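J.: One structure is given below, represented as structure tokens, and several questions about it will come after.
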Amino acid sequence: MDFITILGLIAATLTTIAFLPQMFQTWRTKSAKDVSYVMLITFSSGLFLWLIYGIYLQALPIILANSVSLFFNLIILSLKIKYR
């Protein structure tokens with residue numbers, strides 16, 4: 001694995017785990033009132049497009065980061081809907 005791929009995987013890991021505190025906080029408190037629907041939907045759309053882009057380029061860091069981030073973001077969106 002080359003340096004650029006490792007760099008991308010580290011960046012992917014950091015940006016992906018950034019969602020965990022919000023997801024756990026929403027789950028724990030059963031409240032997502034401070035999370036915007038517009039932000040969640042817009043961000044999910046962007047993540048999906050990045051995922052398609054990464055698949056097209058066959059870029060593992062882009063595919064992994066955006067797949068997991070999209071999954072986490074969809075969990076937060078579903079919790080927001082559930083706990084409204």
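Following the order of the structure tokens, first chain is A, next is B, and so on, with residues numbered from 1 inside each chain and ligands from 1 in the order they appear.
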Might you pull out every residue within 8 Å of Ser69 (chain A), with only C-alpha atoms counted and same-chain residues fewer than 4 positions away left off, and present them as a ChimeraX atom specification?
T.: /A:16,19,47,65,73
J.: Name all residues at most 9 Å from Lys82 (chain A) (count only C-alpha atoms; drop same-chain ones fewer than 4 positions away) and give them as a PyMOL selection string.
T.: chain A and resi 30+77-78
J.: I want to know what sits within 8 Å of Lys80 (chain A), based on only C-alpha atoms, with residues of the same chain fewer than 2 positions away left out; could you give that as number ranges by chain?
T.: A: 26, 31-33, 35, 76-78, 82-84
J.: What residues in chain A get the DSSP label alpha helix (DSSP H)? Please answer as a PyMOL selection string.
T.: chain A and resi 3-17+20-29+37-57+60-82
J.: Find the residues around Ile52 (chain A) up to 10 Å (only C-alpha atoms counted), leave out those fewer than 3 positions away in its own chain, and share them as JSON, numbers by chain.
T.: {"A": [46, 47, 48, 49, 55, 56, 57, 58, 62, 63, 66, 67]}
J.: Which distance in Å separates CA of Pro61 (chain A) and CA of Ile4 (chain A), to one decimal?
T.: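 Separation of CA of Pro61 (chain A) and CA of Ile4 (chain A): 9.8 Å.
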